[in-house]
>>> print(open('input_11.txt').read())   # compact mmCIF, C-alpha atoms and all ligand atoms
# COMPACT_ATOMS: atom_id res chain seq x y z
CA MET A 1 -14.84 44.03 93.54
CA ALA A 2 -11.96 46.13 92.27
CA ASN A 3 -10.18 45.76 88.92
CA LYS A 4 -6.93 43.80 89.21
CA VAL A 5 -4.09 43.20 86.80
CA LEU A 6 -2.34 39.93 87.58
CA VAL A 7 1.29 40.55 86.65
CA ILE A 8 3.02 37.21 86.15
CA THR A 9 6.80 37.40 86.30
CA GLY A 10 9.90 35.27 86.96
CA ALA A 11 12.79 33.76 85.03
CA THR A 12 12.47 32.16 81.61
CA GLY A 13 10.80 28.75 81.76
CA THR A 14 9.36 29.13 85.26
CA GLY A 15 5.87 28.82 83.74
CA LYS A 16 4.56 32.38 83.39
CA THR A 17 2.71 31.74 80.12
CA THR A 18 1.42 28.40 81.39
CA VAL A 19 -0.05 30.14 84.45
CA GLN A 20 -1.54 32.93 82.32
CA ASP A 21 -3.16 30.45 79.89
CA TYR A 22 -4.54 28.43 82.81
CA LEU A 23 -6.06 31.49 84.49
CA VAL A 24 -7.62 32.65 81.21
CA GLU A 25 -9.07 29.19 80.57
CA HIS A 26 -10.42 28.50 84.06
CA TYR A 27 -11.29 31.89 85.53
CA PRO A 28 -12.93 35.12 84.30
CA VAL A 29 -9.53 36.55 83.40
CA THR A 30 -8.56 38.27 80.14
CA LYS A 31 -5.09 38.14 78.66
CA VAL A 32 -3.18 41.31 77.84
CA ILE A 33 -1.16 40.75 74.66
CA THR A 34 2.20 42.52 74.55
CA HIS A 35 4.48 43.52 71.68
CA THR A 36 7.89 42.11 70.77
CA THR A 37 10.54 42.16 68.06
CA ARG A 38 11.47 38.54 68.91
CA PRO A 39 10.67 36.09 66.09
CA PRO A 40 7.73 33.74 66.78
CA ARG A 41 8.47 30.29 68.24
CA PRO A 42 6.97 27.24 66.54
CA GLY A 43 3.20 27.40 67.08
CA GLU A 44 3.09 31.04 68.20
CA VAL A 45 0.50 33.19 66.43
CA ASP A 46 0.57 36.95 65.85
CA GLY A 47 -2.23 38.69 67.77
CA ARG A 48 -2.74 35.70 70.06
CA ASP A 49 0.65 35.10 71.71
CA TYR A 50 2.20 38.49 70.94
CA TYR A 51 1.96 41.30 68.50
CA PHE A 52 5.12 40.46 66.57
CA GLU A 53 6.80 43.66 65.40
CA THR A 54 9.71 44.80 63.28
CA ALA A 55 12.19 47.22 64.87
CA GLU A 56 10.37 50.01 62.98
CA SER A 57 6.78 49.01 63.80
CA PHE A 58 7.70 48.48 67.47
CA GLU A 59 8.52 52.19 67.73
CA GLN A 60 5.05 53.23 66.49
CA ASN A 61 3.19 52.07 69.65
CA HIS A 62 2.69 53.94 72.91
CA TYR A 63 3.96 51.90 75.83
CA LEU A 64 3.20 51.95 79.52
CA GLU A 65 6.63 50.33 79.78
CA SER A 66 9.09 48.68 77.43
CA VAL A 67 12.31 46.72 77.97
CA ARG A 68 15.13 45.04 76.14
CA TYR A 69 15.35 41.34 77.07
CA ALA A 70 18.05 38.96 75.73
CA GLY A 71 18.53 41.06 72.62
CA TYR A 72 14.89 41.85 71.72
CA GLN A 73 12.40 44.61 72.48
CA TYR A 74 9.21 43.99 74.48
CA GLY A 75 6.49 46.45 75.41
CA SER A 76 3.02 46.67 76.89
CA SER A 77 0.56 49.39 75.98
CA ARG A 78 -1.96 51.32 78.08
CA GLU A 79 -4.49 50.58 75.32
CA GLY A 80 -3.94 46.83 75.77
CA LEU A 81 -4.62 47.11 79.50
CA ALA A 82 -7.71 49.30 78.99
CA ASP A 83 -9.01 46.89 76.37
CA GLY A 84 -8.57 43.98 78.81
CA PHE A 85 -10.47 45.83 81.55
CA ASN A 86 -13.29 46.55 79.09
CA ARG A 87 -13.77 42.81 78.81
CA ALA A 88 -13.10 41.61 82.36
CA GLN A 89 -12.45 42.79 85.87
CA PHE A 90 -9.29 40.68 86.11
CA VAL A 91 -6.62 40.77 83.44
CA ALA A 92 -3.32 38.86 83.29
CA ILE A 93 -0.06 40.02 81.75
CA VAL A 94 3.33 38.29 81.50
CA LEU A 95 6.31 40.60 82.06
CA ASP A 96 9.98 40.42 82.93
CA SER A 97 10.80 41.52 86.48
CA LYS A 98 11.71 45.05 85.40
CA GLY A 99 8.29 45.47 83.80
CA ALA A 100 6.64 43.98 86.90
CA VAL A 101 8.32 46.62 89.09
CA THR A 102 7.07 49.36 86.76
CA TYR A 103 3.51 48.00 86.94
CA GLN A 104 3.68 47.82 90.72
CA GLU A 105 4.92 51.40 90.88
CA GLN A 106 2.45 52.79 88.32
CA LEU A 107 -0.68 50.87 89.30
CA GLY A 108 -0.21 50.32 93.04
CA ASP A 109 -2.88 48.08 94.57
CA GLU A 110 -4.48 47.50 91.16
CA ALA A 111 -1.46 45.27 90.36
CA VAL A 112 -1.11 41.83 91.94
CA VAL A 113 2.37 40.57 91.14
CA LEU A 114 3.00 36.81 91.02
CA PHE A 115 6.70 35.94 91.10
CA LEU A 116 7.28 32.40 89.84
CA THR A 117 10.28 30.33 90.93
CA VAL A 118 11.59 26.78 90.68
CA SER A 119 13.83 25.04 93.23
CA ASP A 120 16.36 23.92 90.63
CA PRO A 121 17.18 26.56 87.96
CA GLU A 122 18.91 23.81 85.92
CA SER A 123 15.44 22.46 85.14
CA LEU A 124 14.60 25.67 83.28
CA MET A 125 16.83 24.94 80.29
CA HIS A 126 15.24 21.49 79.97
CA ARG A 127 11.79 23.04 80.05
CA VAL A 128 12.41 25.59 77.30
CA THR A 129 14.25 23.01 75.18
CA ARG A 130 11.25 20.69 75.50
CA ARG A 131 9.03 23.64 74.50
CA GLY A 132 10.85 23.59 71.15
CA ASP A 133 12.90 26.79 71.45
CA ASP A 134 15.68 27.28 68.93
CA ARG A 135 19.03 26.07 70.38
CA LEU A 136 20.91 29.27 69.67
CA MET A 137 18.15 31.38 71.20
CA VAL A 138 18.24 29.20 74.33
CA LYS A 139 22.00 29.68 74.61
CA GLN A 140 21.69 33.43 74.13
CA ARG A 141 18.87 33.70 76.66
CA PHE A 142 20.51 31.70 79.44
CA ALA A 143 23.71 33.74 78.97
CA SER A 144 21.80 37.02 79.33
CA ALA A 145 21.96 39.34 82.32
CA GLU A 146 18.13 39.45 82.27
CA TYR A 147 17.91 35.69 82.87
CA GLN A 148 20.19 35.91 85.92
CA ARG A 149 18.34 38.96 87.24
CA ASP A 150 14.89 37.36 86.98
CA LEU A 151 15.87 34.32 89.06
CA THR A 152 15.58 36.46 92.20
CA MET A 153 12.69 38.64 93.28
CA PRO A 154 13.68 42.32 92.90
CA LEU A 155 13.97 44.29 96.11
CA ALA A 156 11.14 46.58 94.97
CA LEU A 157 8.75 43.60 94.87
CA GLN A 158 9.76 42.04 98.18
CA GLY A 159 6.92 42.11 100.69
CA ARG A 160 4.50 43.01 97.86
CA ALA A 161 4.65 40.23 95.30
CA ILE A 162 3.27 36.74 95.87
CA GLN A 163 6.00 34.15 95.33
CA ILE A 164 4.79 30.90 93.78
CA ASN A 165 7.08 27.91 93.48
CA ASN A 166 6.14 26.10 90.27
CA ASP A 167 8.08 22.86 90.62
CA ASN A 168 4.86 20.90 90.59
CA TRP A 169 1.97 21.89 88.32
CA SER A 170 -0.75 20.17 90.40
CA GLN A 171 0.36 22.12 93.46
CA THR A 172 0.55 25.35 91.46
CA LYS A 173 -3.07 24.93 90.37
CA VAL A 174 -4.13 24.68 94.03
CA LYS A 175 -2.17 27.86 94.84
CA LEU A 176 -3.83 29.65 91.93
CA ALA A 177 -7.28 28.52 93.08
CA ASN A 178 -6.57 29.91 96.57
CA LEU A 179 -5.35 33.19 95.08
CA MET A 180 -8.41 33.60 92.87
CA ARG A 181 -10.71 32.87 95.84
CA THR A 182 -8.95 35.63 97.82
CA LEU A 183 -9.23 38.13 94.96
CA HIS A 184 -12.92 37.39 94.47
CA ALA A 185 -13.51 37.93 98.20
CA ASP A 186 -11.87 41.40 98.11
N1 LIG B 1 5.24 22.94 86.88
C1 LIG B 1 5.78 22.59 85.71
N2 LIG B 1 6.49 21.45 85.60
C2 LIG B 1 7.08 21.09 84.44
N3 LIG B 1 7.00 21.81 83.28
C3 LIG B 1 6.30 22.96 83.34
C4 LIG B 1 5.66 23.41 84.54
N4 LIG B 1 5.06 24.60 84.28
C5 LIG B 1 5.32 24.87 82.98
N5 LIG B 1 6.04 23.89 82.42
C6 LIG B 1 6.54 23.78 81.02
O1 LIG B 1 7.75 24.55 80.94
C7 LIG B 1 7.86 25.17 79.66
C8 LIG B 1 8.02 26.67 79.87
O2 LIG B 1 6.79 27.19 80.38
P1 LIG B 1 6.28 28.64 79.96
O3 LIG B 1 6.39 28.80 78.49
O4 LIG B 1 4.96 28.81 80.58
O5 LIG B 1 7.39 29.50 80.70
P2 LIG B 1 7.63 31.07 80.69
O6 LIG B 1 8.00 31.45 82.08
O7 LIG B 1 6.47 31.76 80.07
O8 LIG B 1 8.90 31.17 79.76
P3 LIG B 1 9.50 32.38 78.88
O9 LIG B 1 9.79 33.52 79.80
O10 LIG B 1 10.74 31.78 78.30
O11 LIG B 1 8.50 32.72 77.81
C9 LIG B 1 6.60 24.80 78.88
O12 LIG B 1 6.91 23.72 78.03
C10 LIG B 1 5.61 24.37 79.98
O13 LIG B 1 4.70 23.42 79.51
N1 LIG B 2 8.61 44.26 80.59
C1 LIG B 2 8.03 43.48 79.68
N2 LIG B 2 8.37 42.18 79.60
C2 LIG B 2 7.72 41.42 78.70
C3 LIG B 2 6.73 41.93 77.86
N3 LIG B 2 6.27 40.92 77.08
C4 LIG B 2 6.96 39.81 77.46
N4 LIG B 2 7.83 40.12 78.43
C5 LIG B 2 8.82 39.28 79.11
O1 LIG B 2 9.95 39.15 78.26
C6 LIG B 2 10.65 37.95 78.58
C7 LIG B 2 10.90 37.16 77.32
O2 LIG B 2 9.67 36.72 76.77
P1 LIG B 2 9.63 35.49 75.73
O3 LIG B 2 8.20 35.35 75.31
O4 LIG B 2 10.52 35.85 74.61
O5 LIG B 2 10.10 34.29 76.48
C8 LIG B 2 9.77 37.19 79.56
O6 LIG B 2 10.26 37.43 80.86
C9 LIG B 2 8.42 37.85 79.39
O7 LIG B 2 7.71 37.78 80.59
C10 LIG B 2 6.41 43.32 77.96
O8 LIG B 2 5.56 43.87 77.25
N5 LIG B 2 7.08 44.04 78.88
>>> encode(input="input_11.txt", output="structure tokens", more="lines below")
Ligand SMILES: Nc1ncnc2c1ncn2[C@@H]1O[C@H](COP(=O)(O)OP(=O)(O)OP(=O)(O)O)[C@@H](O)[C@H]1O
Ligand SMILES: Nc1nc2c(ncn2[C@@H]2O[C@H](COP(=O)(O)O)[C@@H](O)[C@H]2O)c(=O)[nH]1
Amino acid sequence: MANKVLVITGATGTGKTTVQDYLVEHYPVTKVITHTTRPPRPGEVDGRDYYFETAESFEQNHYLESVRYAGYQYGSSREGLADGFNRAQFVAIVLDSKGAVTYQEQLGDEAVVLFLTVSDPESLMHRVTRRGDDRLMVKQRFASAEYQRDLTMPLALQGRAIQINNDNWSQTKVKLANLMRTLHAD
């Protein structure tokens, strides 16, 4: 079986982190932790959810790709990916759609991109509010160009990424089980 990086992407609140946590808990999948200058949300822990950085410390790392998203910096390192593959054959990373395109381009068939959607984008604000996000941050994020962009699968991923509608968590779990069966059979 070949190494695979499961790149989980989609708009804010579609459930990328939920899917990643589920895969890590239920399958032999390791999480790749990325770096950000965004402040932690309630309950988030440095080194588990992200490596939380200052603007200065963010610049010290070597990134496979980095982006600006809703006013903050985010980046994923080659070392993080290599470290994940040292521990498991499948690794999962959560990226915005720009990062997902970069992974697809750089890693080719080693990357399996999952593009998450919901049928009603209005539900996304309710989801992130329920998650406990700061009100001002929610406003800023939903007003961002990145939010609008990530609602639709980028052209570069069309025909390559696997689109998963995550309206219903029970159904999503079935789709993930089918996906993992396919990957194990490869
Ligand atoms: N199918 C679902 N139905 C309802 N709520 C869900 C579903 N999947 C995830 N959620 C909830 O929606 C909220 C957002 O999920 P999550 O944090 O995984 O999204 P995300 O795509 O990683 O968001 P962000 O890009 O903002 O970090 C969480 O509170 C999560 O529990
Ligand atoms: N291209 C990258 N995108 C990343 C990285 N780490 C996270 N993300 C994406 O940023 C937005 C915002 O994340 P949030 O945790 O503040 O909600 C989201 O789409 C993440 O998937 C990264 O290293 N590179």
>>> closest_atom_pairs(input="input_11.txt", of="range 45-99 of chain A", to="range 1-20 of chain A", cutoff="8 Å", atoms="all atoms listed in the file", output="tab-separated table")
residue	atom	partner	partner_atom	distance
A:Phe85	CA	A:Asn3	CA	7.4
A:Gln89	CA	A:Asn3	CA	4.8
A:Phe90	CA	A:Lys4	CA	5.0
A:Val91	CA	A:Val5	CA	4.9
A:Ala92	CA	A:Leu6	CA	4.5
A:Ile93	CA	A:Val7	CA	5.1
A:Val94	CA	A:Ile8	CA	4.8
A:Leu95	CA	A:Thr9	CA	5.3
A:Asp96	CA	A:Thr9	CA	5.5
A:Ser97	CA	A:Thr9	CA	5.7
>>> write_last_selection(input="input_11.txt", atoms="C-alpha atoms", output="compact mmCIF listing (two decimals), keeping the file's coordinate frame")
# COMPACT_ATOMS: atom_id res chain seq x y z
CA PHE A 85 -10.47 45.83 81.55
CA GLN A 89 -12.45 42.79 85.87
CA PHE A 90 -9.29 40.68 86.11
CA VAL A 91 -6.62 40.77 83.44
CA ALA A 92 -3.32 38.86 83.29
CA ILE A 93 -0.06 40.02 81.75
CA VAL A 94 3.33 38.29 81.50
CA LEU A 95 6.31 40.60 82.06
CA ASP A 96 9.98 40.42 82.93
CA SER A 97 10.80 41.52 86.48
>>> closest_residue(input="input_11.txt", among="A:Asn168, A:Ser123, A:Thr129, A:Thr36", to="Ser76 in chain A", atoms="all atoms listed in the file")
A:Thr36
>>> axis_aligned_box(input="input_11.txt", around="ligand LIG 1 (chain B)", padding_each_side="8 Å", output="JSON")
{"center_x": 7.7, "center_y": 27.3, "center_z": 82.3, "size_x": 22.0, "size_y": 28.4, "size_z": 25.1}
>>> residues_near_point(input="input_11.txt", point="(3.0, 34.5, 90.4)", cutoff="6 Å", atoms="all atoms listed in the file", output="list in words")
Ile8, Leu114, Phe115, Leu116, Ile162, Gln163 and Ile164 of chain A
>>> write_last_selection(input="input_11.txt", atoms="C-alpha atoms", output="compact mmCIF listing (two decimals), in the coordinates of the input")
# COMPACT_ATOMS: atom_id res chain seq x y z
CA ILE A 8 3.02 37.21 86.15
CA LEU A 114 3.00 36.81 91.02
CA PHE A 115 6.70 35.94 91.10
CA LEU A 116 7.28 32.40 89.84
CA ILE A 162 3.27 36.74 95.87
CA GLN A 163 6.00 34.15 95.33
CA ILE A 164 4.79 30.90 93.78
>>> residues_around(input="input_11.txt", residues="range 67-72 of chain A", least_positions_apart="6", cutoff="7 Å", atoms="only C-alpha atoms", output="ChimeraX atom specification")
/A:37-38,140-141,144,146
>>> residues_around(input="input_11.txt", residues="Glu53 in chain A", least_positions_apart="3", cutoff="10 Å", atoms="only C-alpha atoms", output="PyMOL selection string")
chain A and resi 35-39+46+50+56-60+73-74
>>> atom_distance(input="input_11.txt", atom1="CA of Leu183 in chain A", atom2="CA of Ala88 in chain A")
13.6 Å
>>> closest_residue(input="input_11.txt", among="A:Leu157, A:Gln171, A:Arg135, A:Gly84", to="Tyr103 in chain A", atoms="all atoms listed in the file")
A:Leu157
>>> closest_residue(input="input_11.txt", among="A:Thr34, A:Asn178, A:Ser170, A:Ser66", to="ligand LIG 1 (chain B)", atoms="only C-alpha atoms and all ligand atoms")
A:Ser170
>>> closest_residue(input="input_11.txt", among="A:Val174, A:Leu64, A:Leu179, A:Ala143", to="ligand LIG 2 (chain B)", atoms="all atoms listed in the file")
A:Leu64
>>> closest_residue(input="input_11.txt", among="A:Thr54, A:Asn86, A:Asn61, A:Gln104", to="Ala161 in chain A", atoms="all atoms listed in the file")
A:Gln104
>>> closest_residue(input="input_11.txt", among="A:Ala82, A:Val112, A:Leu155, A:Leu23", to="ligand LIG 1 (chain B)", atoms="all atoms listed in the file")
A:Leu23
>>> atom_distance(input="input_11.txt", atom1="CA of Tyr147 in chain A", atom2="CA of Glu25 in chain A")
27.8 Å
>>> atom_distance(input="input_11.txt", atom1="CA of Asn165 in chain A", atom2="CA of Asp133 in chain A")
22.8 Å
>>> decode(input="input_11.txt", residues="range 151-163 of chain A", atoms="N, CA and C atoms", output="PDB file, in the first residue's frame")
ATOM      1  N   LEU A 151     -16.239  28.008  -0.594  1.00  0.00           N
ATOM      2  CA  LEU A 151     -17.559  27.364  -0.708  1.00  0.00           C
ATOM      3  C   LEU A 151     -17.658  26.502  -1.969  1.00  0.00           C
ATOM      4  N   THR A 152     -16.813  26.806  -2.951  1.00  0.00           N
ATOM      5  CA  THR A 152     -16.880  26.105  -4.244  1.00  0.00           C
ATOM      6  C   THR A 152     -15.555  25.399  -4.517  1.00  0.00           C
ATOM      7  N   MET A 153     -15.645  24.203  -5.050  1.00  0.00           N
ATOM      8  CA  MET A 153     -14.415  23.469  -5.349  1.00  0.00           C
ATOM      9  C   MET A 153     -13.615  24.200  -6.437  1.00  0.00           C
ATOM     10  N   PRO A 154     -12.322  24.472  -6.175  1.00  0.00           N
ATOM     11  CA  PRO A 154     -11.519  25.150  -7.199  1.00  0.00           C
ATOM     12  C   PRO A 154     -11.430  24.304  -8.473  1.00  0.00           C
ATOM     13  N   LEU A 155     -11.321  25.004  -9.579  1.00  0.00           N
ATOM     14  CA  LEU A 155     -11.218  24.337 -10.884  1.00  0.00           C
ATOM     15  C   LEU A 155     -10.108  23.284 -10.879  1.00  0.00           C
ATOM     16  N   ALA A 156      -8.984  23.638 -10.263  1.00  0.00           N
ATOM     17  CA  ALA A 156      -7.812  22.746 -10.266  1.00  0.00           C
ATOM     18  C   ALA A 156      -8.072  21.428  -9.531  1.00  0.00           C
ATOM     19  N   LEU A 157      -9.127  21.402  -8.690  1.00  0.00           N
ATOM     20  CA  LEU A 157      -9.425  20.156  -7.962  1.00  0.00           C
ATOM     21  C   LEU A 157     -10.556  19.367  -8.607  1.00  0.00           C
ATOM     22  N   GLN A 158     -11.256  20.007  -9.546  1.00  0.00           N
ATOM     23  CA  GLN A 158     -12.414  19.328 -10.146  1.00  0.00           C
ATOM     24  C   GLN A 158     -11.973  18.107 -10.941  1.00  0.00           C
ATOM     25  N   GLY A 159     -12.671  16.997 -10.706  1.00  0.00           N
ATOM     26  CA  GLY A 159     -12.313  15.740 -11.356  1.00  0.00           C
ATOM     27  C   GLY A 159     -11.206  15.002 -10.618  1.00  0.00           C
ATOM     28  N   ARG A 160     -10.645  15.626  -9.587  1.00  0.00           N
ATOM     29  CA  ARG A 160      -9.562  14.997  -8.796  1.00  0.00           C
ATOM     30  C   ARG A 160      -9.969  14.814  -7.348  1.00  0.00           C
ATOM     31  N   ALA A 161     -10.586  15.848  -6.781  1.00  0.00           N
ATOM     32  CA  ALA A 161     -10.960  15.765  -5.362  1.00  0.00           C
ATOM     33  C   ALA A 161     -12.247  14.966  -5.188  1.00  0.00           C
ATOM     34  N   ILE A 162     -12.399  14.415  -3.997  1.00  0.00           N
ATOM     35  CA  ILE A 162     -13.627  13.691  -3.645  1.00  0.00           C
ATOM     36  C   ILE A 162     -14.511  14.661  -2.873  1.00  0.00           C
ATOM     37  N   GLN A 163     -15.694  14.953  -3.415  1.00  0.00           N
ATOM     38  CA  GLN A 163     -16.596  15.882  -2.713  1.00  0.00           C
ATOM     39  C   GLN A 163     -17.458  15.103  -1.729  1.00  0.00           C
TER      40      GLN A 163
END
